[in-house]
Every structure is written in C-alpha cells, then in structure tokens.
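K.L.:
Supplied structure: model_31.txt, compact mmCIF, C-alpha atoms.
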```txt
# COMPACT_ATOMS: atom_id res chain seq x y z
CA MET V 1 -20.81 -10.75 -18.59
CA PHE V 2 -23.70 -12.15 -16.59
CA GLY V 3 -24.22 -15.75 -15.58
CA VAL V 4 -26.98 -18.01 -14.36
CA LEU V 5 -26.48 -21.35 -12.63
CA VAL V 6 -29.37 -23.78 -12.26
CA VAL V 7 -28.95 -25.67 -8.99
CA LEU V 8 -30.50 -28.37 -6.88
CA ASN V 9 -30.63 -27.08 -3.31
CA PRO V 10 -30.19 -29.22 -0.16
CA GLU V 11 -33.99 -29.69 -0.01
CA ASN V 12 -33.88 -31.19 -3.57
CA LYS V 13 -35.65 -28.20 -5.10
CA ILE V 14 -34.47 -26.65 -8.35
CA GLY V 15 -33.52 -22.99 -8.24
CA TYR V 16 -31.04 -20.63 -9.80
CA LEU V 17 -28.24 -18.27 -8.89
CA ALA V 18 -27.14 -15.12 -10.75
CA ALA V 19 -23.75 -13.43 -11.00
CA PHE V 20 -21.89 -10.77 -12.92
CA SER V 21 -18.26 -10.69 -13.94
CA GLY V 22 -16.05 -8.06 -12.34
CA LYS V 23 -17.92 -5.16 -10.79
CA LEU V 24 -21.41 -3.86 -11.47
CA ALA V 25 -22.09 -0.15 -11.06
CA GLY V 26 -18.75 0.18 -9.23
CA GLY V 27 -19.61 -2.42 -6.61
CA ASN V 28 -19.31 -6.11 -5.78
CA HIS V 29 -22.52 -6.62 -3.81
CA HIS V 30 -25.95 -6.25 -5.39
CA TYR V 31 -29.29 -7.74 -4.42
CA GLY V 32 -30.07 -10.93 -6.31
CA PHE V 33 -26.44 -11.69 -7.23
CA VAL V 34 -23.94 -13.98 -5.52
CA PRO V 35 -21.06 -12.24 -3.72
CA PRO V 36 -17.48 -12.18 -5.03
CA VAL V 37 -15.06 -14.94 -4.11
CA PHE V 38 -12.79 -12.24 -2.67
CA ASP V 39 -13.95 -8.67 -2.08
CA GLY V 40 -11.11 -6.41 -3.15
CA LEU V 41 -13.31 -3.35 -2.66
CA ASN V 42 -13.54 -3.83 1.10
CA GLU V 43 -12.24 -0.54 2.50
CA ASN V 44 -10.25 -2.21 5.29
CA SER V 45 -8.81 -5.04 3.22
CA PHE V 46 -5.10 -5.75 2.99
CA LEU V 47 -5.38 -5.01 -0.72
CA ASN V 48 -6.52 -1.41 -0.30
CA LYS V 49 -3.94 -0.80 2.42
CA GLY V 50 -1.24 -2.33 0.23
CA MET V 51 -2.26 -0.25 -2.78
CA SER V 52 -2.11 2.90 -0.62
CA GLU V 53 1.41 1.93 0.43
CA LEU V 54 2.39 1.49 -3.23
CA SER V 55 0.98 4.95 -4.00
CA GLN V 56 3.08 6.41 -1.17
CA MET V 57 6.18 4.71 -2.55
CA ASN V 58 5.47 6.18 -5.99
CA LEU V 59 5.13 9.66 -4.48
CA GLU V 60 8.43 9.23 -2.63
CA ILE V 61 10.19 8.12 -5.83
CA ARG V 62 8.85 11.16 -7.70
CA GLU V 63 9.92 13.47 -4.88
CA VAL V 64 13.48 12.06 -4.84
CA GLN V 65 13.64 12.38 -8.64
CA ARG V 66 12.45 15.98 -8.39
CA GLN V 67 15.03 16.95 -5.76
CA GLN V 68 18.03 15.27 -7.44
CA ARG V 69 20.27 15.54 -4.38
CA ASP V 70 23.58 13.68 -3.99
CA GLY V 71 23.07 9.95 -4.28
CA PHE V 72 19.53 10.30 -5.58
CA GLN V 73 20.06 7.59 -8.24
CA ASP V 74 20.99 5.06 -5.54
CA ARG V 75 17.98 6.09 -3.44
CA ILE V 76 15.65 5.74 -6.44
CA LYS V 77 17.06 2.29 -7.19
CA GLU V 78 16.51 1.30 -3.55
CA LEU V 79 12.94 2.65 -3.50
CA LYS V 80 12.06 0.92 -6.77
CA SER V 81 13.41 -2.36 -5.41
CA LEU V 82 11.29 -1.96 -2.25
CA ARG V 83 8.25 -1.11 -4.38
CA LYS V 84 8.74 -4.21 -6.54
CA THR V 85 9.11 -6.47 -3.50
CA HIS V 86 6.00 -4.98 -1.92
CA SER V 87 4.04 -5.29 -5.17
CA VAL V 88 4.98 -8.96 -5.69
CA SER V 89 4.14 -9.75 -2.06
CA LEU V 90 0.78 -8.00 -2.34
CA GLN V 91 0.00 -9.81 -5.58
CA ASN V 92 0.84 -13.22 -4.08
CA LYS V 93 -1.32 -12.49 -1.04
CA LEU V 94 -4.16 -11.50 -3.36
CA PHE V 95 -3.81 -14.72 -5.39
CA LYS V 96 -3.87 -16.76 -2.15
CA SER V 97 -7.07 -14.96 -1.10
CA TYR V 98 -8.97 -16.32 -4.09
CA THR V 99 -9.69 -19.90 -3.03
CA PHE V 100 -12.03 -22.13 -5.00
CA LEU V 101 -13.87 -25.28 -4.00
CA ASN V 102 -14.59 -28.16 -6.31
CA GLY V 103 -17.22 -30.92 -6.32
CA PHE V 104 -15.10 -32.93 -3.86
CA GLY V 105 -14.84 -30.00 -1.42
CA ILE V 106 -11.12 -29.47 -2.15
CA LYS V 107 -9.87 -25.85 -2.02
CA LYS V 108 -7.18 -24.40 -4.24
CA ASP V 109 -6.01 -20.81 -4.63
CA LEU V 110 -5.11 -18.97 -7.83
CA ASN V 111 -1.40 -19.64 -7.38
CA GLN V 112 -2.07 -23.39 -7.27
CA LEU V 113 -4.57 -23.32 -10.13
CA PHE V 114 -2.36 -21.37 -12.54
CA LYS V 115 0.90 -23.08 -11.58
CA ASN V 116 0.90 -25.25 -14.71
CA ALA V 117 -0.75 -22.73 -17.03
CA ASP V 118 1.19 -20.93 -19.75
CA TYR V 119 1.24 -17.70 -17.71
CA LYS V 120 3.86 -16.42 -15.31
CA ASN V 121 1.06 -15.36 -12.96
CA PRO V 122 -2.72 -15.65 -13.01
CA PRO V 123 -4.13 -13.04 -15.43
CA ALA V 124 -5.66 -9.83 -14.09
CA GLY V 125 -9.25 -10.39 -13.07
CA ALA V 126 -8.89 -14.15 -12.62
CA GLY V 127 -11.57 -15.28 -10.19
CA GLU V 128 -13.86 -12.34 -10.95
CA CYS V 129 -15.85 -14.05 -13.73
CA ALA V 130 -19.48 -15.06 -13.28
CA GLY V 131 -18.98 -18.82 -13.73
CA PRO V 132 -16.49 -19.35 -10.88
CA LYS V 133 -18.50 -17.02 -8.60
CA LEU V 134 -21.64 -19.09 -9.21
CA LEU V 135 -19.99 -22.44 -8.63
CA GLN V 136 -18.21 -21.20 -5.49
CA TYR V 137 -21.48 -19.98 -3.97
CA ALA V 138 -23.25 -23.23 -4.88
CA PHE V 139 -20.53 -25.39 -3.31
CA GLN V 140 -20.36 -23.22 -0.19
CA ASN V 141 -24.12 -23.62 0.26
CA ARG V 142 -24.31 -27.36 -0.52
CA MET V 143 -26.09 -26.88 -3.83
CA LYS V 144 -25.61 -29.18 -6.79
CA PRO V 145 -24.88 -27.34 -10.07
CA LEU V 146 -27.07 -28.54 -12.96
CA ALA V 147 -26.54 -26.07 -15.82
CA LEU V 148 -24.50 -22.89 -16.38
CA ALA V 149 -24.93 -20.14 -18.96
CA GLU V 150 -23.08 -16.84 -19.44
CA PHE V 151 -24.29 -14.01 -21.64
CA TRP V 152 -23.41 -10.46 -22.56
CA TRP V 153 -25.88 -7.74 -21.65
CA GLY V 154 -25.49 -4.19 -22.86
CA GLN V 155 -23.12 -2.31 -25.08
CA SER V 156 -19.81 -3.94 -26.01
CA PRO V 157 -16.94 -2.27 -24.08
CA LYS V 158 -13.98 -2.20 -26.48
CA SER V 159 -14.84 -4.15 -29.59
CA ASP V 160 -17.77 -5.63 -31.40
CA PHE V 161 -16.90 -9.10 -30.12
CA TRP V 162 -19.47 -9.11 -27.31
CA LYS V 163 -23.04 -8.93 -28.59
CA HIS V 164 -26.05 -7.91 -26.51
CA LYS V 165 -28.15 -10.95 -25.47
CA HIS V 166 -25.64 -13.48 -26.90
CA PHE V 167 -24.40 -16.48 -24.93
CA TYR V 168 -20.68 -17.24 -24.62
CA PRO V 169 -18.59 -20.07 -23.17
CA CYS V 170 -16.52 -19.33 -20.09
CA CYS V 171 -13.20 -17.75 -21.09
CA LYS V 172 -10.16 -20.02 -21.34
CA GLU V 173 -7.53 -17.50 -20.20
CA LYS V 174 -9.03 -16.55 -16.84
CA CYS V 175 -11.50 -19.34 -16.16
CA GLY V 176 -9.97 -22.42 -17.79
CA PRO V 177 -7.65 -23.47 -14.94
CA ILE V 178 -10.21 -22.42 -12.30
CA LEU V 179 -13.10 -24.34 -13.87
CA ALA V 180 -10.94 -27.41 -14.55
CA HIS V 181 -10.52 -27.64 -10.77
CA MET V 182 -14.05 -26.58 -9.78
CA LEU V 183 -15.78 -29.09 -12.04
CA GLU V 184 -13.89 -32.05 -10.56
CA GLY V 185 -16.33 -34.26 -8.70
CA LEU V 186 -19.42 -33.31 -10.68
```
Just dump the structure as structure tokens.

P.N.:
Amino acid sequence: MFGVLVVLNPENKIGYLAAFSGKLAGGNHHYGFVPPVFDGLNENSFLNKGMSELSQMNLEIREVQRQQRDGFQDRIKELKSLRKTHSVSLQNKLFKSYTFLNGFGIKKDLNQLFKNADYKNPPAGAGECAGPKLLQYAFQNRMKPLALAEFWWGQSPKSDFWKHKHFYPCCKEKCGPILAHMLEGL
C-alpha cells in the first residue's frame, strides 16, 4: 500500500508527503518517501540482536533434542521457558519503540494504543502502514495534515482483494487504534 498526505508546512505552503506500508524492495529508506516510525532493519538494533539470540536458543534446543542425554526433557523445558521469556521481552521492547504523536503533541506507544483493543497484543506489522508513517513525519516536522489517501499499486499479493490503482481506507486492525490517537487535536 502507498500513501500520500497533503500538508501545510510551517511556512504555510501546501505540499505532500509519500509513504509505503511495510518494506519496499527489502528496505525501509527510499528517496522521496518518509522514513519508518521504527527501523527494525537497522543492523545494530536491539531487535536484530534479540532475534539472533532467539535463533541461538532454537539451535540449542534442537541440539539437546538430538543428543537425548539424561535429563534432556528438563533441559528442553528450561530452554523453552527462557526462549519464551526472551521473546515476550523483545516483543514488548519493540512495541515500546513504536511511539506515535498526535495533533496535541502527545506520544503513545503500541502497548498503550492497543491496551483497550480486542487483541492480546498489537497485531504484527502495526505501525508499519503508510498512514501512521505519514502523520508521524508531519507532526515531527510541524506540518499540518490536510488530506490523506492510500492506494494499492501493483499485483495483489495473496488474494484479489487489493486492486491496482484503487484507493482504500486505512485498515482497522492495525491502524484503527493508532489513528484514533494520532488524529486527536486535528
């Protein structure tokens, strides 16, 4: 999904911003598009280090299962518990890293925004959609949002739902709680 936000800049001139949902060509940063709210592709980020640690834990679990020495079931149980704790901690840190401004300048993270939603946790990809990226960049740069549009460009990924060159409203599952906060004060 691509998005365009018409804005009034601090010099009272009308302009526009562009964004894409998720990644484009395997990356988060492309000329002419606003940056992500949180860059999970940064090589030195806590996220990549944490994911590497999870991969190591998975390898250790497989190795213990392969060896099947005395007490291996207890060791596997212990390792899986450690992996779960690490995974939950990493996920919470990730959700706290996605902070969104609103029209009043108030910041909230994904944990706060999805607290009263019908989900146990924010859905995968929350905060990666074009609309929130555009509004975040506008607020960070003292621009006033005037109009927002999102459209599909290209071949539909999994179904025929998304149509090339068609406009769509922002999604309710990932963007609803985020946009409810971000649009306050406009």

K.L.:
Tell me, as a VMD selection string, which residues lie within 9 Å of V:Ala147, counting all atoms listed in the file; anything in the same chain fewer than 6 positions away does not count.

P.N.:
chain V and resid 4 to 7

K.L.:
Those same residues, written as a JSON list (two decimals), in the frame of the given file with C-alpha atoms?

P.N.:
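Okay, this is what ended up in again-v7.json:
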```json
[["chain", "number", "residue", "atom", "x", "y", "z"],
["V", 4, "VAL", "CA", -26.98, -18.01, -14.36],
["V", 5, "LEU", "CA", -26.48, -21.35, -12.63],
["V", 6, "VAL", "CA", -29.37, -23.78, -12.26],
["V", 7, "VAL", "CA", -28.95, -25.67, -8.99]]
```

K.L.:
Skip stretch 99-101 of chain V itself and residues of its chain fewer than 4 positions away, then list as a list in words all residues within 8 Å of it, counting all atoms listed in the file.

P.N.:
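Near stretch 99-101 of chain V, the qualifying residues are Val37, Gly105, Ile106, Lys107, Lys108, Asp109, Leu110, Pro132, Gln136, Phe139, Gln140, Ile178, His181 and Met182 of chain V.
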
K.L.:
Here is a test: counting only C-alpha atoms, which residue of V:Gly131, V:Gly22, V:Gly15, V:Gly125 is nearest to V:Glu173?

P.N.:
V:Gly125

K.L.:
Hey, which of V:Asp39, V:Glu78, V:Asp160, V:Glu128 ends up closest to V:Cys175? Count all atoms listed in the file.

P.N.:
V:Glu128

K.L.:
Quick one: of V:Phe2, V:Tyr119, V:Phe114, V:Trp162, who's nearest to V:Lys23, counting all atoms listed in the file?

P.N.:
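Nearest to V:Lys23: V:Phe2.
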
K.L.:
Need the shell around stretch 8-14 of chain V: protein/DNA/RNA residues with any atom at most 9 Å away, counting only C-alpha atoms. Skip same-chain ones fewer than 2 positions apart. Format as a ChimeraX atom specification?

P.N.:
/V:6,16,138,141-146

K.L.:
Looking at all atoms listed in the file, which of V:Gly103, V:Gly176, V:Pro169, V:Gly27 is the one that sits closest to V:Leu135?

P.N.:
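Answer, going by the shortest atom-to-atom distance: V:Gly103.
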
K.L.:
For atom CA of V:Leu90 and atom CA of V:Met57, quote the distance in Å rounded to one decimal.

P.N.:
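Going from atom CA of V:Leu90 over to atom CA of V:Met57, I get 13.8 Å.
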
K.L.:
Smallest atom-to-atom distance to V:Phe46: which of V:Arg83, V:Ile61, V:Ser97, V:Leu17, using all atoms listed in the file?

P.N.:
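Ranked by minimum distance to V:Phe46, first place goes to V:Ser97.
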
K.L.:
If you count all atoms listed in the file, which residues fall within 12 Å of V:Tyr31, apart from same-chain ones fewer than 2 positions away, as a list in words?

P.N.:
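Everything that qualifies: Leu17, Ala18, Ala19, Phe20, Leu24, Gly27, Asn28, His29, Phe33, Val34 and Pro35 of chain V.
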
K.L.:
Those residues with C-alpha atoms, as a PDB file, keeping the file's coordinate frame please?

P.N.:
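And here is the file that came out, part-v6.pdb:
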```pdb
ATOM      1  CA  LEU V  17     -28.240 -18.270  -8.890  1.00  0.00           C
ATOM      2  CA  ALA V  18     -27.140 -15.120 -10.750  1.00  0.00           C
ATOM      3  CA  ALA V  19     -23.750 -13.430 -11.000  1.00  0.00           C
ATOM      4  CA  PHE V  20     -21.890 -10.770 -12.920  1.00  0.00           C
ATOM      5  CA  LEU V  24     -21.410  -3.860 -11.470  1.00  0.00           C
ATOM      6  CA  GLY V  27     -19.610  -2.420  -6.610  1.00  0.00           C
ATOM      7  CA  ASN V  28     -19.310  -6.110  -5.780  1.00  0.00           C
ATOM      8  CA  HIS V  29     -22.520  -6.620  -3.810  1.00  0.00           C
ATOM      9  CA  PHE V  33     -26.440 -11.690  -7.230  1.00  0.00           C
ATOM     10  CA  VAL V  34     -23.940 -13.980  -5.520  1.00  0.00           C
ATOM     11  CA  PRO V  35     -21.060 -12.240  -3.720  1.00  0.00           C
TER      12      PRO V  35
END
```

K.L.:
Would you mind listing what lies within 12 Å of V:Leu94 as a PyMOL selection string, with all atoms listed in the file counted and same-chain residues fewer than 6 positions away left out?

P.N.:
chain V and resi 37-40+45-48+50-51+87-88+109-111+121-122+124-127

K.L.:
Counting all atoms listed in the file, find the residues whose atoms lie at most 10 Å from (-27.7, -12.2, -30.2) (file coordinates) and write them out as a PyMOL selection string.

P.N.:
chain V and resi 151-153+162-167

K.L.:
Separation of atom CA of V:Tyr137 and atom CA of V:Cys170, in Å?

P.N.:
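Going from atom CA of V:Tyr137 over to atom CA of V:Cys170, I get 16.9 Å.
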
K.L.:
One decimal, Å: what's the distance from atom CA of V:Gln67 over to atom CA of V:Glu53, could you say?

P.N.:
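Rounded to one decimal, the two atoms are 21.2 Å apart.
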
K.L.:
Of the candidates V:Glu60, V:Met1, V:Asn42, V:Lys49, which one gets nearest to V:Arg75 if we count all atoms listed in the file?

P.N.:
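Smallest separation from V:Arg75 among the options: V:Glu60.
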